[in-house]
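Colleague: The structure follows.
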Amino acid sequence: QLQLVESGGGLVQPGGSLRLSCTASGFTLDSDAVGWFRQAPGKEREDISCISSSGGSTKHAESLKGRFTISRDNRKNTVYLQMNSLKAEDTAVYFCASRRTHDRESAFCPNTAMQYWGKGTLVTVSS
């Protein structure tokens, strides 16, 4: 079964940090650009970050630059999202998704073109 599985979510206090993981099962991610997205209650899904299949190119939402960092370890078939200085407004369900691409430096992850999606992991930022 081809799937992505997110992990690492949970409850964290404002100002704290979390690292989310996205692991592929049934296929390898090393030819896929991978993105992180989030959806807060009552809001539309929001793009967060994207990383190319090589790991050499990344993009982050302007509003999150400096706090969120995407990375990957193709040997572990896993992509990470390091989240620092978390705020209450970061509370959301976080999803990862992948898109097969021949351009190993393409960090392009439009949510309408992603092929595989995980089921999400909940991040709650609250004191």
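Naming scheme: A, B, ... for chains in displayed order of the structure tokens; residues 1 onward per chain; ligands 1 onward as shown.
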Name all residues at most 10 Å from A:Phe108 (count only C-alpha atoms; drop same-chain ones fewer than 5 positions away) and give them as a list in words.
Modeller: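 What passes the distance filter is Ala33, Val34, Gly35, Ser49, Cys50, Ile51, Ser52, Ser57, Thr58, Lys59, Arg99, Thr101, Asp103, Ala113 and Met114 of chain A.
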Colleague: Neighbours of A:Ser21 within 7 Å (only C-alpha atoms; same-chain residues fewer than 2 positions away dropped), as a ChimeraX atom specification?
Modeller: /A:6-8,19,23,78-81
Colleague: Export, as a PDB file, in the first residue's frame, the selected residues with C-alpha atoms.
Modeller:
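After the write, part.pdb holds the following:
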ATOM      1  CA  GLU A   6       3.057  11.939   9.415  1.00  0.00           C
ATOM      2  CA  SER A   7       4.222  11.820  13.014  1.00  0.00           C
ATOM      3  CA  GLY A   8       5.561  14.123  15.680  1.00  0.00           C
ATOM      4  CA  ARG A  19       9.768  18.270  14.572  1.00  0.00           C
ATOM      5  CA  THR A  23       7.657   8.751   6.029  1.00  0.00           C
ATOM      6  CA  THR A  78      11.620  10.667   5.383  1.00  0.00           C
ATOM      7  CA  VAL A  79      11.010  14.397   5.162  1.00  0.00           C
ATOM      8  CA  TYR A  80      11.030  16.604   8.247  1.00  0.00           C
ATOM      9  CA  LEU A  81       9.505  19.897   9.294  1.00  0.00           C
TER      10      LEU A  81
END
Colleague: Just give me the gap between atom CA of A:Trp36 and atom CA of A:Cys96 in Å, one decimal is fine.
Modeller: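 Those two atoms sit 4.5 Å apart.
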Colleague: If DSSP is run on the backbone, what residues of chain A are strand (DSSP E)? A reply as an NGL selection string would be ideal.
Modeller: :A and (3-7 or 10-12 or 18-25 or 32-39 or 46-51 or 58-60 or 68-73 or 78-83 or 92-100 or 116-117 or 121-125)
Colleague: What gap, in Å, lies between atom CA of A:Leu86 and atom CA of A:Leu18?
Modeller: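 Computing it gives 8.3 Å between the two atoms.
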Colleague: Among chain A, which residues does DSSP mark as helix (DSSP H, G or I) when it is run on the backbone? Keep the chain and numbering as in the structure and answer as a ChimeraX atom specification.
Modeller: /A:62-64,88-90
Colleague: Which is closer to A:Cys22 than all the others in A:Asn111, A:Ser71, A:Thr124, A:Thr91, using only C-alpha atoms?
Modeller: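 Going through A:Asn111, A:Ser71, A:Thr124, A:Thr91 one by one, the smallest distance to A:Cys22 is for A:Ser71.
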Colleague: Quick one: everything within 10 Å of A:Gly15, counting only C-alpha atoms, minus sequence neighbours fewer than 6 positions away in the same chain. Send it as a short mmCIF file (atom, residue, chain, number, x, y, z; two decimals) with N, CA, C and O atoms, in the first residue's frame.
Modeller:
data_model
loop_
_atom_site.label_atom_id
_atom_site.label_comp_id
_atom_site.auth_asym_id
_atom_site.auth_seq_id
_atom_site.Cartn_x
_atom_site.Cartn_y
_atom_site.Cartn_z
N MET A 83 9.83 22.98 13.48
CA MET A 83 9.01 24.16 13.79
C MET A 83 9.48 24.74 15.13
O MET A 83 9.45 24.04 16.15
N ASN A 84 9.92 25.98 15.10
CA ASN A 84 10.42 26.65 16.29
C ASN A 84 9.56 27.86 16.62
O ASN A 84 8.82 28.36 15.78
N SER A 85 9.71 28.36 17.84
CA SER A 85 8.99 29.56 18.28
C SER A 85 7.51 29.47 17.94
O SER A 85 6.92 30.40 17.38
N LEU A 86 6.92 28.35 18.30
CA LEU A 86 5.53 28.10 17.92
C LEU A 86 4.58 29.07 18.60
O LEU A 86 4.80 29.49 19.75
N LYS A 87 3.52 29.40 17.86
CA LYS A 87 2.51 30.33 18.34
C LYS A 87 1.14 29.64 18.32
O LYS A 87 0.95 28.64 17.63
N ALA A 88 0.22 30.22 19.05
CA ALA A 88 -1.13 29.64 19.10
C ALA A 88 -1.72 29.52 17.69
O ALA A 88 -2.43 28.55 17.39
N VAL A 125 -0.85 24.29 19.88
CA VAL A 125 0.04 25.19 20.62
C VAL A 125 -0.80 25.93 21.64
O VAL A 125 -1.65 26.76 21.29
N SER A 126 -0.58 25.60 22.89
CA SER A 126 -1.41 26.17 23.96
C SER A 126 -0.69 26.06 25.28
O SER A 126 0.08 25.13 25.51
N SER A 127 -0.94 27.03 26.14
CA SER A 127 -0.38 26.98 27.49
C SER A 127 -1.36 26.32 28.45
O SER A 127 -1.06 26.17 29.63
#
Colleague: If you measure from atom CA of A:Phe27 to atom CA of A:Arg104, what distance in Å do you get, rounded to one decimal?
Modeller: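 One can read the atom CA of A:Phe27 to atom CA of A:Arg104 distance as 16.9 Å.
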Colleague: Could you tell me which of A:Leu11, A:Cys109, A:Val93, A:Thr121 comes closest to A:Arg38 if we count only C-alpha atoms?
Modeller: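 Closest residue, counting only C-alpha atoms: A:Val93.
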Colleague: Between A:Ala107, A:Leu122, A:Leu2, A:Ala92, single out the one closest to A:Ser53, counting only C-alpha atoms.
Modeller: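 Answer, going by the shortest atom-to-atom distance: A:Ala107.
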Colleague: Residues at most 12 Å from A:Thr112, counting only C-alpha atoms, excluding those fewer than 5 positions away in the same chain, as a VMD selection string?
Modeller: chain A and resid 35 37 45 to 47 97 to 99 117
Colleague: Please produce a file of the residues just selected, as a short mmCIF file (atom, residue, chain, number, x, y, z; two decimals), in the first residue's frame, where the atoms kept are C-alpha atoms.
Modeller:
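Final output, part29.cif:
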data_model
loop_
_atom_site.label_atom_id
_atom_site.label_comp_id
_atom_site.auth_asym_id
_atom_site.auth_seq_id
_atom_site.Cartn_x
_atom_site.Cartn_y
_atom_site.Cartn_z
CA GLY A 35 5.54 19.52 0.68
CA PHE A 37 0.65 21.87 4.38
CA ARG A 45 -5.45 24.39 3.60
CA GLU A 46 -2.28 26.46 3.62
CA ASP A 47 1.04 25.79 1.92
CA ALA A 97 2.26 15.26 0.31
CA SER A 98 4.53 14.13 -2.50
CA ARG A 99 4.77 14.69 -6.22
CA TRP A 117 -1.15 12.67 0.87
#
Colleague: Using only C-alpha atoms, determine which residues lie at most 7 Å from A:Leu29, disregarding the query and same-chain residues fewer than 4 positions distant; provide the list as a list in words.
Modeller: Ala24, Asn74 and Asn77 of chain A
Colleague: So which one's closest to A:Ile70, A:Leu20, A:Ser54, A:Phe95, A:Tyr116? Using only C-alpha atoms, please.
Modeller: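 Of A:Leu20, A:Ser54, A:Phe95, A:Tyr116, the one nearest A:Ile70, counting only C-alpha atoms, is A:Leu20.
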Colleague: For A:Ala40, which residue among A:Glu89, A:Ser63, A:Ser17, A:Gln1 is the nearest when counting only C-alpha atoms?
Modeller: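 Going through A:Glu89, A:Ser63, A:Ser17, A:Gln1 one by one, the smallest distance to A:Ala40 is for A:Glu89.
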